[in-house]
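Student: You'll find run-v7.tsv just under this line, and it carries TSV, C-alpha atoms and all ligand atoms.
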```
chain	number	residue	atom	x	y	z
E	1	MET	CA	0.00	0.00	0.00
E	2	ILE	CA	1.08	3.59	-0.59
E	3	HIS	CA	1.50	5.84	2.43
E	4	ASN	CA	2.07	9.62	2.30
E	5	ASN	CA	5.61	10.54	1.21
E	6	ASP	CA	6.51	6.89	0.48
E	7	GLN	CA	8.11	6.05	-2.84
E	8	ILE	CA	5.87	4.16	-5.27
E	9	THR	CA	7.21	0.63	-5.69
E	10	ASP	CA	6.64	-2.03	-8.37
E	11	THR	CA	4.32	-3.79	-5.93
E	12	ASP	CA	2.20	-0.66	-5.66
E	13	ILE	CA	1.99	-0.39	-9.46
E	14	ALA	CA	0.90	-4.03	-9.70
E	15	TYR	CA	-1.65	-3.30	-6.96
E	16	PHE	CA	-3.23	-0.49	-9.00
E	17	ALA	CA	-3.01	-2.17	-12.44
E	18	PRO	CA	-6.39	-3.46	-13.61
E	19	ALA	CA	-6.56	-7.25	-13.26
E	20	TYR	CA	-7.09	-7.68	-16.99
E	21	ASP	CA	-3.73	-6.05	-17.82
E	22	THR	CA	-0.92	-8.49	-18.55
E	23	PRO	CA	1.40	-8.29	-15.52
E	24	LEU	CA	4.42	-6.39	-16.83
E	25	ARG	CA	7.26	-4.68	-15.01
E	26	PRO	CA	7.52	-0.89	-15.40
E	27	ASP	CA	10.82	-1.35	-17.26
E	28	ALA	CA	9.31	-3.88	-19.72
E	29	PHE	CA	10.22	-1.87	-22.80
E	30	ASP	CA	13.44	-0.19	-21.73
E	31	LEU	CA	15.40	-2.55	-23.99
E	32	ASP	CA	15.00	-2.37	-27.75
E	33	ASP	CA	13.91	-5.41	-29.75
E	34	GLU	CA	17.42	-6.21	-31.04
E	35	THR	CA	18.82	-6.27	-27.51
E	36	LYS	CA	15.94	-8.48	-26.32
E	37	ILE	CA	16.53	-10.90	-29.20
E	38	GLN	CA	20.24	-11.15	-28.34
E	39	LEU	CA	19.52	-11.77	-24.63
E	40	ILE	CA	16.77	-14.34	-25.28
E	41	GLN	CA	19.01	-16.06	-27.82
E	42	ASN	CA	21.71	-16.48	-25.14
E	43	HIS	CA	19.21	-17.78	-22.56
E	44	PHE	CA	17.62	-20.21	-25.01
E	45	ALA	CA	21.03	-21.52	-26.05
E	46	GLY	CA	21.56	-22.13	-22.30
E	47	ILE	CA	18.35	-24.17	-22.07
E	48	MET	CA	19.32	-26.24	-25.10
E	49	HIS	CA	22.80	-26.75	-23.67
E	50	VAL	CA	21.39	-27.96	-20.34
E	51	LEU	CA	19.17	-30.39	-22.24
E	52	GLY	CA	22.36	-31.80	-23.75
E	53	LEU	CA	21.73	-30.67	-27.31
E	54	ASP	CA	24.72	-30.08	-29.58
E	55	LEU	CA	24.60	-26.43	-30.61
E	56	ASP	CA	27.26	-27.06	-33.25
E	57	ASP	CA	24.85	-29.32	-35.13
E	58	ASP	CA	23.90	-27.78	-38.46
E	59	SER	CA	20.15	-28.06	-37.84
E	60	LEU	CA	20.26	-26.81	-34.22
E	61	LYS	CA	22.83	-24.04	-34.34
E	62	ASP	CA	20.44	-21.26	-35.40
E	63	THR	CA	17.53	-22.37	-33.22
E	64	PRO	CA	18.26	-19.98	-30.30
E	65	LYS	CA	18.25	-17.02	-32.69
E	66	ARG	CA	15.09	-18.26	-34.45
E	67	VAL	CA	13.24	-18.73	-31.15
E	68	ALA	CA	14.34	-15.32	-29.85
E	69	LYS	CA	13.20	-13.58	-33.03
E	70	MET	CA	9.91	-15.48	-32.98
E	71	TYR	CA	9.25	-14.49	-29.34
E	72	VAL	CA	9.99	-10.79	-29.77
E	73	LYS	CA	8.77	-10.13	-33.32
E	74	GLU	CA	5.94	-12.64	-33.61
E	75	ILE	CA	4.28	-14.68	-30.88
E	76	PHE	CA	4.88	-12.21	-28.00
E	77	SER	CA	4.93	-9.00	-30.04
E	78	GLY	CA	1.54	-8.03	-28.58
E	79	LEU	CA	3.19	-7.30	-25.23
E	80	ASN	CA	4.56	-4.09	-26.69
E	81	PRO	CA	1.92	-1.34	-26.96
E	82	SER	CA	3.82	0.11	-29.92
E	83	ASN	CA	2.55	-2.89	-31.92
E	84	LYS	CA	-1.07	-2.05	-31.22
E	85	PRO	CA	-3.04	-2.04	-34.50
E	86	VAL	CA	-4.42	1.28	-35.68
E	87	PRO	CA	-8.18	0.81	-36.09
E	88	THR	CA	-9.49	2.25	-39.35
E	89	LEU	CA	-12.90	3.72	-38.64
E	90	PHE	CA	-15.49	4.76	-41.20
E	91	LYS	CA	-18.59	6.87	-40.98
E	92	ASN	CA	-21.79	4.85	-40.89
E	93	PRO	CA	-23.53	6.33	-43.97
E	94	PHE	CA	-26.29	3.71	-44.06
E	95	SER	CA	-27.01	4.22	-40.35
E	96	TYR	CA	-26.58	0.47	-39.95
E	97	ASN	CA	-27.75	0.08	-36.38
E	98	GLN	CA	-28.04	-3.68	-36.04
E	99	MET	CA	-25.53	-5.99	-34.44
E	100	LEU	CA	-22.36	-6.64	-36.48
E	101	VAL	CA	-20.84	-10.07	-35.83
E	102	GLU	CA	-17.50	-11.40	-37.05
E	103	ARG	CA	-17.30	-15.15	-36.50
E	104	ASN	CA	-14.50	-17.68	-36.48
E	105	ILE	CA	-11.53	-15.32	-36.14
E	106	SER	CA	-8.39	-17.45	-35.82
E	107	VAL	CA	-6.75	-17.37	-32.41
E	108	PHE	CA	-3.11	-18.33	-31.99
E	109	SER	CA	-1.87	-17.60	-28.50
E	110	ASN	CA	0.37	-19.18	-25.89
E	111	CYS	CA	-0.44	-20.36	-22.40
E	112	GLU	CA	1.42	-18.30	-19.80
E	113	HIS	CA	1.70	-21.30	-17.47
E	114	HIS	CA	3.45	-23.66	-19.87
E	115	PHE	CA	4.42	-21.54	-22.90
E	116	VAL	CA	2.71	-23.92	-25.33
E	117	PRO	CA	0.04	-22.94	-27.87
E	118	ILE	CA	-3.58	-22.02	-27.33
E	119	THR	CA	-5.39	-22.35	-30.68
E	120	GLY	CA	-9.01	-21.67	-31.50
E	121	LYS	CA	-11.40	-19.05	-32.65
E	122	ALA	CA	-12.98	-15.85	-31.44
E	123	HIS	CA	-16.42	-14.46	-32.26
E	124	VAL	CA	-16.84	-10.74	-31.75
E	125	ALA	CA	-19.81	-8.41	-32.08
E	126	TYR	CA	-20.67	-4.76	-31.56
E	127	PHE	CA	-23.30	-2.12	-32.14
E	128	SER	CA	-22.07	1.02	-33.92
E	129	ASN	CA	-21.88	4.19	-31.90
E	130	GLY	CA	-21.72	6.33	-35.05
E	131	GLU	CA	-18.73	4.76	-36.75
E	132	VAL	CA	-17.88	1.31	-38.10
E	133	ILE	CA	-14.51	-0.41	-37.96
E	134	GLY	CA	-12.67	-2.02	-40.89
E	135	LEU	CA	-13.43	-5.73	-40.51
E	136	SER	CA	-9.81	-6.86	-40.72
E	137	LYS	CA	-9.04	-4.61	-37.75
E	138	LEU	CA	-11.18	-6.88	-35.59
E	139	ASN	CA	-8.91	-9.79	-36.63
E	140	ARG	CA	-5.87	-7.61	-35.91
E	141	ILE	CA	-7.14	-6.73	-32.42
E	142	VAL	CA	-7.64	-10.45	-31.70
E	143	GLN	CA	-4.12	-11.16	-32.97
E	144	TYR	CA	-2.58	-8.31	-30.96
E	145	CYS	CA	-4.12	-9.53	-27.69
E	146	SER	CA	-3.28	-13.16	-28.53
E	147	GLN	CA	0.39	-12.43	-29.13
E	148	ARG	CA	1.16	-12.42	-25.42
E	149	PRO	CA	1.59	-15.15	-22.84
E	150	GLN	CA	-2.07	-15.53	-21.92
E	151	ILE	CA	-4.74	-17.21	-19.94
E	152	GLN	CA	-7.97	-17.42	-21.86
E	153	GLU	CA	-10.08	-15.44	-19.40
E	154	ARG	CA	-7.77	-12.44	-19.64
E	155	LEU	CA	-7.43	-12.75	-23.42
E	156	THR	CA	-11.22	-12.56	-23.79
E	157	ILE	CA	-11.52	-9.43	-21.63
E	158	GLN	CA	-8.55	-7.74	-23.34
E	159	ILE	CA	-10.09	-8.27	-26.80
E	160	ALA	CA	-13.39	-6.77	-25.60
E	161	ASN	CA	-11.61	-3.78	-24.05
E	162	GLU	CA	-9.63	-3.05	-27.21
E	163	ILE	CA	-12.78	-3.15	-29.36
E	164	LYS	CA	-14.64	-0.92	-26.89
E	165	GLU	CA	-11.80	1.59	-26.94
E	166	ALA	CA	-11.47	1.53	-30.74
E	167	LEU	CA	-15.19	2.08	-31.34
E	168	GLY	CA	-16.04	4.25	-28.35
E	169	THR	CA	-18.87	1.98	-27.27
E	170	GLU	CA	-19.67	-0.39	-24.43
E	171	ASP	CA	-21.86	-2.52	-26.68
E	172	VAL	CA	-19.36	-5.28	-27.38
E	173	ALA	CA	-19.36	-9.06	-26.98
E	174	VAL	CA	-16.53	-11.57	-27.33
E	175	ILE	CA	-16.50	-15.35	-27.16
E	176	VAL	CA	-13.29	-17.37	-27.35
E	177	ASP	CA	-13.41	-21.11	-27.99
E	178	ALA	CA	-9.94	-22.57	-27.73
E	179	HIS	CA	-7.91	-25.70	-27.47
E	180	HIS	CA	-5.10	-25.62	-24.89
E	181	HIS	CA	-2.09	-27.64	-25.93
E	182	CYS	CA	-1.01	-27.79	-22.29
E	183	VAL	CA	-4.11	-29.90	-21.75
E	184	SER	CA	-3.69	-32.03	-24.89
E	185	SER	CA	0.01	-32.50	-25.65
E	186	ARG	CA	1.06	-33.05	-22.03
E	187	GLY	CA	-0.43	-33.27	-18.54
E	188	VAL	CA	-3.89	-34.84	-18.71
E	189	ARG	CA	-3.51	-35.36	-22.50
E	190	ASP	CA	-7.12	-34.66	-23.40
E	191	ILE	CA	-7.36	-33.88	-27.10
E	192	ASN	CA	-11.13	-33.39	-27.18
E	193	SER	CA	-11.92	-30.62	-24.70
E	194	THR	CA	-12.07	-26.97	-25.66
E	195	THR	CA	-12.56	-23.99	-23.37
E	196	LEU	CA	-15.22	-21.32	-23.90
E	197	THR	CA	-14.98	-17.87	-22.36
E	198	ALA	CA	-17.26	-14.91	-22.90
E	199	GLU	CA	-17.35	-11.20	-22.18
E	200	TYR	CA	-20.70	-9.42	-22.64
E	201	CYS	CA	-20.75	-5.67	-22.20
E	202	GLY	CA	-23.37	-2.93	-22.54
E	203	ARG	CA	-26.44	-4.04	-24.49
E	204	PHE	CA	-25.06	-7.59	-24.81
E	205	ARG	CA	-25.96	-8.12	-21.15
E	206	GLU	CA	-29.64	-8.00	-22.15
E	207	ALA	CA	-30.93	-11.53	-22.64
E	208	ASP	CA	-32.51	-11.01	-26.08
E	209	VAL	CA	-29.40	-9.28	-27.47
E	210	LYS	CA	-27.09	-11.93	-26.05
E	211	ASN	CA	-29.31	-14.66	-27.49
E	212	GLU	CA	-29.33	-13.05	-30.92
E	213	PHE	CA	-25.51	-13.01	-30.86
E	214	LEU	CA	-25.38	-16.64	-29.74
E	215	LYS	CA	-27.81	-17.59	-32.51
E	216	TYR	CA	-25.64	-15.88	-35.15
E	217	ILE	CA	-22.52	-17.75	-34.06
E	218	GLY	CA	-24.45	-21.01	-33.96
E	219	SER	CA	-24.24	-21.64	-30.21
N	301	LIG	N1	-8.07	-20.86	-15.82
N	301	LIG	C1	-7.16	-21.19	-16.74
N	301	LIG	N2	-6.30	-22.17	-16.49
N	301	LIG	C2	-5.40	-22.48	-17.45
N	301	LIG	C3	-5.32	-21.82	-18.67
N	301	LIG	N3	-4.32	-22.37	-19.40
N	301	LIG	C4	-3.82	-23.36	-18.65
N	301	LIG	N4	-4.46	-23.44	-17.46
N	301	LIG	C5	-4.29	-24.35	-16.33
N	301	LIG	O1	-3.33	-23.88	-15.44
N	301	LIG	C6	-3.11	-24.94	-14.50
N	301	LIG	C7	-1.71	-24.90	-13.97
N	301	LIG	O2	-1.72	-25.86	-12.94
N	301	LIG	P1	-0.43	-26.47	-12.21
N	301	LIG	O3	-0.90	-27.55	-11.33
N	301	LIG	O4	0.35	-25.35	-11.60
N	301	LIG	O5	0.44	-27.00	-13.43
N	301	LIG	P2	0.70	-28.48	-13.89
N	301	LIG	O6	1.32	-29.28	-12.77
N	301	LIG	O7	1.47	-28.43	-15.16
N	301	LIG	O8	-0.78	-29.01	-14.12
N	301	LIG	P3	-1.35	-30.09	-15.17
N	301	LIG	O9	-1.63	-29.37	-16.45
N	301	LIG	O10	-2.62	-30.58	-14.51
N	301	LIG	O11	-0.30	-31.16	-15.33
N	301	LIG	C8	-3.46	-26.21	-15.26
N	301	LIG	O12	-4.59	-26.78	-14.64
N	301	LIG	C9	-3.79	-25.72	-16.65
N	301	LIG	O13	-4.77	-26.52	-17.30
N	301	LIG	C10	-6.24	-20.76	-18.91
N	301	LIG	O14	-6.26	-20.10	-19.94
N	301	LIG	N5	-7.13	-20.48	-17.92
N	302	ZN	ZN	-0.83	-24.23	-20.03
```
Just give me the structure of the file as structure tokens.
Tutor:
Amino acid sequence: MIHNNDQITDTDIAYFAPAYDTPLRPDAFDLDDETKIQLIQNHFAGIMHVLGLDLDDDSLKDTPKRVAKMYVKEIFSGLNPSNKPVPTLFKNPFSYNQMLVERNISVFSNCEHHFVPITGKAHVAYFSNGEVIGLSKLNRIVQYCSQRPQIQERLTIQIANEIKEALGTEDVAVIVDAHHHCVSSRGVRDINSTTLTAEYCGRFREADVKNEFLKYIGS
């Protein structure tokens, strides 16, 4: 807790950060991408070395660099707010005031507990508050939030929050239906189960609106 005249500590910042924010240190982006790639490369080479792998082998020698680049530039690039997609908004000349639903958006994320993939789909919907968003930007928002170490509950809320912010409306719904490879490829090894999470905001909390959305996505 913060007391008068005390310095604000990292613990205090974590205390005030909304629960749906990915827990990041305040210095998370002090290093540039190239420096991060070099450091991760060294650490990953260390892991491979401990596992007993021969880093002089032709097929393995570039793996630490590949993994580091993939982490920073691809699968965890959504940690960095500078990679946030710019939402292209258009006027709503037809005064389209019904629900807009985009179904079956591909989700590729990674579980923050095991660092193995979460794969699935997201269904998102909103009511226009005067403007409409370029459809591909909904996919990009899903990708941006997915490209972080995640748990599915937080991913779902983060997608909804980004869409709400982009469109300036509370009337947003998100469902994520995903397969956790930490449940299938290891541990309990269940290849059949998927996990469903939902975030209903604004008008989507009304039963008839929620049901219309569920009907459109075939649930
Ligand atoms: N709520 C939630 N749990 C998750 C998610 N992804 C993975 N998990 C779970 O996180 C839990 C971590 O549990 P631990 O007991 O610490 O890890 P573990 O020993 O590897 O557990 P097992 O997977 O059961 O072998 C597991 O039950 C995972 O299934 C997620 O998105 N949301
Ligand atoms: Zn996991």
Student: May I have the residues within 6 Å of region 140-157 of chain E as a PyMOL selection string, using all atoms listed in the file and disregarding those fewer than 6 positions away in the same chain?
Tutor: chain E and resi 20+75-79+109-112
Student: Grab me every residue within 7 Å of ligand ZN 302 (chain N), counting all atoms listed in the file, and send it over as a PyMOL selection string.
Tutor: chain E and resi 111-116+180-183
Student: Just checking: using all atoms listed in the file, which residue out of E:Glu212, E:Asp177, E:Glu206, E:Asp57 ends up closest to ligand LIG 301 (chain N)?
Tutor: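 Going through E:Glu212, E:Asp177, E:Glu206, E:Asp57 one by one, the smallest distance to ligand LIG 301 (chain N) is for E:Asp177.
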Student: Using all atoms listed in the file, which residue out of E:Leu135, E:Val101, E:Val172, E:Ile163 lies closest to Phe213 (chain E)?
Tutor: E:Val101
Student: Take CA of Tyr200 (chain E) and CA of Asn80 (chain E) and report the distance between them in Å, one decimal.
Tutor: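 For CA of Tyr200 (chain E) relative to CA of Asn80 (chain E), the distance reads 26.1 Å.
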Student: When you count all atoms listed in the file, which of these residues is closest to ligand LIG 301 (chain N): E:Gly218, E:Gly120, E:Gly130, E:Gly202?
Tutor: E:Gly120
Student: Please measure the separation of atom O3 of ligand LIG 301 (chain N) and CA of Arg186 (chain E), giving the value in Å to one decimal.
Tutor: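 So the answer is 12.2 Å.
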Student: Box for ligand LIG 301 (chain N): with edges along x, y and z, all listed atoms inside and 5 Å added on each side, what are the centre and edge lengths in Å to one decimal, as lines of an AutoDock Vina configuration file?
Tutor:
```
center_x = -3.3
center_y = -25.6
center_z = -15.6
size_x = 19.5
size_y = 21.1
size_z = 18.6
```
Student: Measure the distance from CA of Thr22 (chain E) to CA of Asn83 (chain E) in Å and round it to one decimal.
Tutor: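 Spanning CA of Thr22 (chain E) to CA of Asn83 (chain E) is a straight-line distance of 14.9 Å.
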Student: Pick out the closest residue to ligand LIG 301 (chain N) from this set: E:Thr194, E:Asn42, E:Asn104, E:Ser95. Count only C-alpha atoms and all ligand atoms.
Tutor: E:Thr194
Student: Is it possible to dump region 192-213 of chain E as a compact mmCIF listing (two decimals), in the first residue's frame, including just N, CA and C atoms?
Tutor:
```txt
# COMPACT_ATOMS: atom_id res chain seq x y z
N ASN E 192 -9.77 -33.73 -26.75
CA ASN E 192 -11.13 -33.39 -27.18
C ASN E 192 -11.70 -32.11 -26.57
N SER E 193 -11.27 -31.76 -25.37
CA SER E 193 -11.92 -30.62 -24.70
C SER E 193 -11.47 -29.29 -25.31
N THR E 194 -12.42 -28.36 -25.36
CA THR E 194 -12.07 -26.97 -25.66
C THR E 194 -12.64 -26.11 -24.54
N THR E 195 -12.14 -24.89 -24.44
CA THR E 195 -12.56 -23.99 -23.37
C THR E 195 -13.29 -22.79 -23.99
N LEU E 196 -14.43 -22.48 -23.43
CA LEU E 196 -15.22 -21.32 -23.90
C LEU E 196 -15.21 -20.23 -22.84
N THR E 197 -14.91 -19.01 -23.28
CA THR E 197 -14.98 -17.87 -22.36
C THR E 197 -15.75 -16.76 -23.07
N ALA E 198 -16.43 -15.96 -22.29
CA ALA E 198 -17.26 -14.91 -22.90
C ALA E 198 -17.15 -13.61 -22.10
N GLU E 199 -17.26 -12.51 -22.83
CA GLU E 199 -17.35 -11.20 -22.18
C GLU E 199 -18.50 -10.45 -22.86
N TYR E 200 -19.55 -10.16 -22.11
CA TYR E 200 -20.70 -9.42 -22.64
C TYR E 200 -20.72 -8.05 -21.97
N CYS E 201 -20.75 -7.01 -22.78
CA CYS E 201 -20.75 -5.67 -22.20
C CYS E 201 -21.93 -4.88 -22.78
N GLY E 202 -22.31 -3.83 -22.07
CA GLY E 202 -23.37 -2.93 -22.54
C GLY E 202 -24.64 -3.69 -22.88
N ARG E 203 -25.16 -3.43 -24.09
CA ARG E 203 -26.44 -4.04 -24.49
C ARG E 203 -26.38 -5.57 -24.56
N PHE E 204 -25.17 -6.13 -24.71
CA PHE E 204 -25.06 -7.59 -24.81
C PHE E 204 -25.36 -8.29 -23.48
N ARG E 205 -25.56 -7.50 -22.42
CA ARG E 205 -25.96 -8.12 -21.15
C ARG E 205 -27.47 -8.36 -21.12
N GLU E 206 -28.19 -7.76 -22.07
CA GLU E 206 -29.64 -8.00 -22.15
C GLU E 206 -29.87 -9.36 -22.80
N ALA E 207 -30.77 -10.13 -22.23
CA ALA E 207 -30.93 -11.53 -22.64
C ALA E 207 -31.23 -11.67 -24.13
N ASP E 208 -32.14 -10.82 -24.66
CA ASP E 208 -32.51 -11.01 -26.08
C ASP E 208 -31.35 -10.67 -27.00
N VAL E 209 -30.55 -9.66 -26.64
CA VAL E 209 -29.40 -9.28 -27.47
C VAL E 209 -28.34 -10.37 -27.42
N LYS E 210 -28.07 -10.85 -26.21
CA LYS E 210 -27.09 -11.93 -26.05
C LYS E 210 -27.53 -13.17 -26.85
N ASN E 211 -28.81 -13.48 -26.78
CA ASN E 211 -29.31 -14.66 -27.49
C ASN E 211 -29.22 -14.51 -29.00
N GLU E 212 -29.45 -13.29 -29.47
CA GLU E 212 -29.33 -13.05 -30.92
C GLU E 212 -27.87 -13.30 -31.35
N PHE E 213 -26.94 -12.79 -30.57
CA PHE E 213 -25.51 -13.01 -30.86
C PHE E 213 -25.19 -14.51 -30.86
```
